[in-house]
Structure formats: C-alpha cells, structure tokens
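Pasting upload_17.txt here (compact mmCIF, C-alpha atoms):
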```
# COMPACT_ATOMS: atom_id res chain seq x y z
CA MET A 1 -77.80 5.52 42.56
CA ILE A 2 -74.67 6.58 44.37
CA VAL A 3 -73.55 2.95 44.55
CA GLU A 4 -73.98 2.52 40.78
CA ARG A 5 -71.98 5.70 40.10
CA ILE A 6 -69.17 4.45 42.37
CA LYS A 7 -69.14 1.13 40.50
CA THR A 8 -68.96 2.97 37.20
CA LEU A 9 -66.03 5.11 38.36
CA VAL A 10 -64.22 2.03 39.64
CA VAL A 11 -64.66 0.27 36.29
CA ILE A 12 -63.46 3.37 34.41
CA GLY A 13 -60.45 3.68 36.75
CA LEU A 14 -59.49 0.06 36.19
CA GLY A 15 -59.79 0.51 32.45
CA VAL A 16 -57.56 3.58 32.44
CA THR A 17 -55.01 1.83 34.64
CA THR A 18 -54.96 -1.19 32.34
CA PHE A 19 -54.57 1.03 29.27
CA LEU A 20 -51.66 2.93 30.84
CA THR A 21 -50.04 -0.31 31.96
CA ILE A 22 -50.28 -1.79 28.44
CA GLY A 23 -48.94 1.42 26.93
CA CYS A 24 -45.97 1.48 29.27
CA SER A 25 -45.29 -2.20 28.61
CA LYS A 26 -45.21 -1.57 24.85
CA GLN A 27 -42.74 1.27 25.33
CA ASN A 28 -40.53 -0.91 27.54
CA VAL A 29 -40.60 -3.76 25.03
CA GLN A 30 -39.74 -1.36 22.19
CA ALA A 31 -36.89 0.14 24.21
CA GLU A 32 -35.52 -3.31 25.01
CA SER A 33 -35.87 -4.33 21.38
CA ASN A 34 -33.95 -1.27 20.23
CA SER A 35 -31.26 -1.91 22.85
CA THR A 36 -30.91 -5.54 21.77
CA LEU A 37 -30.78 -4.57 18.10
CA GLN A 38 -28.00 -2.09 18.76
CA ALA A 39 -26.06 -4.66 20.78
CA ASP A 40 -26.39 -7.35 18.10
CA THR A 41 -25.57 -5.04 15.19
CA PRO A 42 -21.79 -4.59 14.85
CA SER A 43 -20.54 -1.03 14.52
CA VAL A 44 -19.04 -0.32 11.11
CA ILE A 45 -15.68 1.42 11.13
CA THR A 46 -14.64 2.58 7.70
CA SER A 47 -11.06 3.38 6.81
CA GLU A 48 -9.86 4.19 3.36
CA THR A 49 -6.75 2.46 2.04
CA PRO A 50 -4.50 5.09 0.44
CA ARG A 51 -4.99 5.02 -3.30
CA ALA A 52 -2.01 3.77 -5.27
CA ASP A 53 -0.93 5.54 -8.46
CA VAL A 54 0.00 2.18 -9.97
CA PRO A 55 -1.93 -1.12 -9.86
CA TYR A 56 -0.13 -4.04 -8.24
CA VAL A 57 1.27 -6.43 -10.85
CA PRO A 58 3.92 -8.90 -9.58
CA THR A 59 7.25 -8.78 -11.43
CA ALA A 60 8.36 -12.10 -12.92
CA THR A 61 11.35 -13.71 -11.20
CA GLU A 62 13.43 -13.56 -14.38
CA VAL A 63 12.80 -9.82 -14.62
CA VAL A 64 13.65 -9.21 -10.95
CA GLU A 65 16.99 -10.94 -11.36
CA GLN A 66 17.84 -9.18 -14.62
CA MET A 67 17.01 -5.78 -13.10
CA LEU A 68 19.37 -6.40 -10.19
CA THR A 69 22.04 -7.80 -12.53
CA MET A 70 21.83 -4.72 -14.78
CA ALA A 71 22.18 -2.50 -11.69
CA LYS A 72 25.27 -4.52 -10.66
CA VAL A 73 23.98 -4.90 -7.11
CA SER A 74 26.68 -5.95 -4.65
CA SER A 75 27.45 -5.97 -0.94
CA ASN A 76 28.20 -2.24 -1.12
CA ASP A 77 24.70 -1.29 -2.24
CA ILE A 78 21.60 0.10 -0.58
CA VAL A 79 18.61 -0.74 -2.77
CA TYR A 80 15.27 1.08 -2.82
CA ASP A 81 12.33 -0.44 -4.66
CA LEU A 82 9.56 2.11 -5.29
CA GLY A 83 6.15 0.46 -5.43
CA SER A 84 7.52 -2.72 -3.88
CA GLY A 85 4.34 -4.85 -3.91
CA ASP A 86 5.00 -8.13 -2.12
CA GLY A 87 8.66 -7.26 -1.51
CA ARG A 88 10.26 -9.65 -3.98
CA ILE A 89 12.85 -7.18 -5.34
CA PRO A 90 14.25 -5.97 -1.96
CA ILE A 91 14.26 -9.55 -0.63
CA THR A 92 16.08 -10.89 -3.72
CA ALA A 93 18.56 -7.99 -3.64
CA VAL A 94 19.64 -8.95 -0.13
CA LYS A 95 19.32 -12.72 -0.30
CA LYS A 96 20.74 -13.46 -3.74
CA TYR A 97 22.82 -10.36 -4.56
CA ASN A 98 24.05 -9.72 -1.01
CA ALA A 99 23.03 -6.05 -0.92
CA LYS A 100 23.99 -4.31 2.31
CA LYS A 101 20.42 -3.20 2.86
CA ALA A 102 17.16 -2.92 0.91
CA THR A 103 14.03 -0.86 1.42
CA GLY A 104 10.67 -1.36 -0.22
CA VAL A 105 8.25 1.57 -0.45
CA GLU A 106 4.60 0.61 -0.81
CA ILE A 107 1.42 2.59 -0.08
CA ASN A 108 -0.87 -0.44 0.37
CA PRO A 109 -0.75 -1.60 4.02
CA ALA A 110 -1.83 -5.14 3.16
CA LEU A 111 1.10 -5.51 0.75
CA VAL A 112 3.50 -4.04 3.31
CA GLN A 113 2.38 -6.68 5.81
CA LYS A 114 2.75 -9.39 3.18
CA SER A 115 6.25 -8.13 2.35
CA GLN A 116 7.30 -8.22 5.99
CA ASN A 117 6.03 -11.79 6.28
CA ASN A 118 7.91 -12.78 3.10
CA ALA A 119 11.13 -11.20 4.39
CA LYS A 120 10.78 -13.08 7.67
CA GLU A 121 10.24 -16.38 5.84
CA ALA A 122 13.30 -15.66 3.67
CA GLY A 123 15.39 -14.96 6.78
CA VAL A 124 16.39 -11.42 5.73
CA SER A 125 14.29 -9.25 8.05
CA ASP A 126 17.44 -7.80 9.60
CA ARG A 127 18.50 -6.21 6.29
CA VAL A 128 15.17 -5.53 4.58
CA ASN A 129 12.80 -2.76 5.56
CA PHE A 130 9.36 -1.87 4.21
CA LEU A 131 7.77 1.56 4.43
CA GLN A 132 4.07 2.19 4.03
CA GLN A 133 4.51 5.51 2.34
CA ASP A 134 3.86 7.67 -0.69
CA LEU A 135 6.97 7.12 -2.79
CA PHE A 136 7.07 10.83 -3.67
CA LYS A 137 7.62 11.58 0.04
CA THR A 138 10.36 9.01 0.61
CA ASP A 139 13.89 10.20 1.37
CA LEU A 140 16.07 8.46 -1.23
CA SER A 141 19.34 10.17 -0.39
CA ASP A 142 21.16 7.05 0.88
CA ALA A 143 20.18 4.81 -2.06
CA THR A 144 22.83 3.53 -4.45
CA VAL A 145 20.33 1.55 -6.56
CA VAL A 146 16.66 2.36 -7.25
CA THR A 147 14.30 -0.06 -8.96
CA LEU A 148 10.94 0.83 -10.52
CA TYR A 149 7.93 -0.85 -12.03
CA LEU A 150 5.48 2.02 -12.25
CA LEU A 151 3.79 3.74 -15.20
CA PRO A 152 5.12 6.16 -17.86
CA GLU A 153 3.47 9.24 -16.32
CA VAL A 154 4.64 8.27 -12.83
CA ASN A 155 8.22 7.79 -14.07
CA LEU A 156 8.17 11.27 -15.60
CA LYS A 157 6.74 12.82 -12.46
CA LEU A 158 9.34 11.00 -10.36
CA ARG A 159 12.33 11.87 -12.57
CA PRO A 160 13.14 15.31 -11.03
CA LYS A 161 13.06 13.80 -7.51
CA LEU A 162 15.44 11.02 -8.51
CA LEU A 163 17.90 13.39 -10.17
CA GLN A 164 17.82 15.87 -7.29
CA GLU A 165 17.98 13.46 -4.34
CA LEU A 166 20.19 10.65 -5.57
CA LYS A 167 23.97 10.87 -5.52
CA PRO A 168 25.87 10.86 -8.83
CA GLY A 169 26.65 7.28 -9.79
CA THR A 170 23.39 5.88 -8.39
CA ARG A 171 21.90 3.31 -10.75
CA ILE A 172 18.21 3.35 -11.66
CA VAL A 173 16.49 0.39 -13.30
CA SER A 174 12.93 0.44 -14.62
CA HIS A 175 10.84 -2.47 -15.77
CA ALA A 176 8.70 -1.76 -18.86
CA PHE A 177 8.78 2.06 -18.96
CA ASP A 178 11.40 4.68 -19.80
CA MET A 179 11.84 8.28 -18.61
CA GLY A 180 11.08 10.35 -21.67
CA GLU A 181 13.92 12.72 -22.60
CA TRP A 182 16.32 11.01 -20.23
CA LYS A 183 17.71 8.35 -22.50
CA PRO A 184 18.73 5.06 -20.88
CA GLU A 185 22.29 3.76 -20.99
CA ARG A 186 21.11 0.22 -21.52
CA VAL A 187 17.92 -1.42 -22.73
CA GLU A 188 17.55 -5.18 -22.46
CA GLN A 189 14.78 -7.63 -23.10
CA VAL A 190 14.08 -10.70 -21.01
CA LYS A 191 12.13 -13.78 -22.03
CA GLY A 192 9.75 -14.95 -19.34
CA LYS A 193 8.85 -18.54 -18.57
CA ASN A 194 5.31 -17.68 -19.62
CA GLY A 195 6.55 -16.84 -23.11
CA GLY A 196 6.29 -13.08 -22.69
CA THR A 197 9.05 -10.58 -23.44
CA TYR A 198 9.89 -7.85 -20.92
CA THR A 199 11.88 -4.67 -21.46
CA ILE A 200 14.23 -3.24 -18.81
CA TYR A 201 15.85 0.23 -18.85
CA GLN A 202 18.91 1.35 -16.90
CA TRP A 203 20.34 4.82 -16.12
CA THR A 204 23.11 6.28 -13.95
CA VAL A 205 22.63 9.62 -12.20
CA PRO A 206 25.14 12.07 -13.76
CA GLU A 207 27.38 14.60 -12.03
CA ASN A 208 25.75 17.43 -13.94
CA VAL A 209 22.03 17.03 -14.52
CA PRO A 210 20.65 18.73 -17.66
CA LYS A 211 18.05 21.30 -16.69
CA ASN A 212 15.46 19.94 -19.10
CA LEU A 213 15.36 16.70 -17.08
CA LEU A 214 14.39 18.47 -13.86
CA SER A 215 10.85 19.15 -15.03
CA SER A 216 8.32 16.33 -15.24
```

Once you've parsed the file, please lay out its structure as structure tokens.
Amino acid sequence: MIVERIKTLVVIGLGVTTFLTIGCSKQNVQAESNSTLQADTPSVITSETPRADVPYVPTATEVVEQMLTMAKVSSNDIVYDLGSGDGRIPITAVKKYNAKKATGVEINPALVQKSQNNAKEAGVSDRVNFLQQDLFKTDLSDATVVTLYLLPEVNLKLRPKLLQELKPGTRIVSHAFDMGEWKPERVEQVKGKNGGTYTIYQWTVPENVPKNLLSS
C-alpha cells in the first residue's frame, strides 16, 4: 500500500515537473520570438519637412534670363532668390550675369541639397550659397537684387519686409504676381518654348516708402 502511494506521488511529481518545464519553454520561446521580431523590425524615425507656403514649380529658362535682364544684374550685384527651388536663378545670376554673389532661400531640405549639387556641377559653388530657411526670417539687408516666384498673398505679406530691409535702389523682380498697391515700374511678357506666355514685374525700392505699402 505504501509502495503504491510512493509510486503515485512519483508519477504526479514527474507530471508536474514536465508541465512546468513545458510552460517555461513556451515562455522562453515567446521571449526569443519577441526579441527577434524587435531586432528584425526597423525603428521608424519620423521627421516633418517644413511646410512651404508656395508649391515648387520650376521657372522656365527664358523667364529666369528675362528676370535677371530686367533687374540689370551685373558684377556689382548681390542677388537673393526667395523660394529658390533647384537653384537655377542664383546659379544663372552668377554664371551668366557675373553677379558678385547669389543666395537662394528655400525651406525644403531636399531642394537645398539639389541646389548645392547643381551649383557644384556648374562650377559656381564659391559664389552661390543656399539657405534652408523660412524666407520671412532671412536677413536681406545686403541684397541689391531680389527675385521672386511666390504667390499673390505671399508677395503682399512679404512687401513690408522688402521695403523695410532693402536699401533704396534695390531692384525686385517677380515672376507671375504683382504686389498690390505697389505698382511696378515695368511689366514684360515672355514667350516660352512651350508656347506659354509669362508675365514679369519689376520694382525699385524708393528713398521714401509710402506708409500704405508697409502693411500687408
């Protein structure tokens, strides 16, 4: 009787041990599985590209050249292009119009990188600079020429900054859009190779700025 009871206890003990062993094994396998899953799953790092106020639309070569011609860009000039995209205006200003220096201001980092690559390929990296920056925060005080291809509401918002920061005599040229009450000195139209017609506006910062132009 005692022998049978001992046998029974031994069997029960073996069963419990087996059960615990299986349970522990399952936990270990699950832990290893989770560890492997975490190792094989790449971590996702999200970063938001600053939102541009204006969509990127490349300016036709004919328009770029006419803008710089209207601004009378020469070797004495420092050109700023606000919303510079792939950098074609600053690069052309230096390479073809011999500007002393040109700066492109662009909020999209991918376009800034592309611009820098384009300047390097054009051999003008020593005189062309690109800033990844909000154009409303850019110091424009050393510019003698400013080029724009923005939107009507952005031009109006930008107008007080231009008139307050730029020196009298600085030329401003805008592709497609005017500046409301500030009437341009010249308006020209350019025929593109694609058959389209483009309008370009040009102003010069006056000695005495009318007060009504200092509000957007």

Inset, instruction - Fewer than 5 positions away in the same chain doesn't count, so skip those; otherwise give me all residues within 10 Å of range 157-173 of chain A, counting only C-alpha atoms, as number ranges by chain. - result: A: 66-73, 77-81, 135-152, 178-180, 182, 184, 186-187, 200-216

Inset, instruction - May I have the residues within 7 Å of Ala93 in chain A as a ChimeraX atom specification, using only C-alpha atoms and disregarding those fewer than 4 positions away in the same chain? - result: /A:68,89,97-99,102

Legend entry - Nearest-residue call for Val57 in chain A, choices A:Asn194, A:Gln113, A:Ser84, A:Ser75, using all atoms listed in the file: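 The shortest atom-to-atom distance to Val57 in chain A comes from A:Ser84.
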
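Atom pair CA of Gly85 in chain A / CA of Lys120 in chain A has a distance of 15.6 Å (rounded to one decimal).
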
Inset, instruction - Between CA of Asn155 in chain A and CA of Val64 in chain A, measure the distance and give it in Å to one decimal. - result: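 Answer for the CA of Asn155 in chain A to CA of Val64 in chain A separation: 18.1 Å.
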
Inset, instruction - May I ask which of the residues A:Asn76, A:Gly83, A:Asn117, A:Ser125 is the closest one to Lys95 in chain A, counting all atoms listed in the file? - result: A:Ser125

Inset, instruction - Could you tell me which of A:Val63, A:Arg88, A:Val124, A:Thr103 comes closest to Lys191 in chain A if we count all atoms listed in the file? - result: A:Val63

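Counting only C-alpha atoms, the residue from A:Gly195, A:Pro55, A:Gly123, A:Pro109 that sits nearest to Val94 in chain A is A:Gly123.
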
Quick one: what's the axis-aligned box for range 122-126 of chain A, all listed atoms, 8 Å on every side, centre and edges in Å to one decimal, as AutoDock Vina command-line options?
```
--center_x 15.4 --center_y -11.7 --center_z 6.6 --size_x 20.1 --size_y 23.9 --size_z 21.9
```

Legend entry - Residue nearest Val154 in chain A among A:Tyr56, A:Phe177, A:Tyr198, A:Phe130 (counting all atoms listed in the file):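 Looking at the shortest contact to Val154 in chain A, the residue is A:Phe177.
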
Legend entry - Length of the CA of Ser115 in chain A to CA of Gly196 in chain A vector [Å]: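 If I compute the distance from CA of Ser115 in chain A to CA of Gly196 in chain A, I get 25.5 Å.
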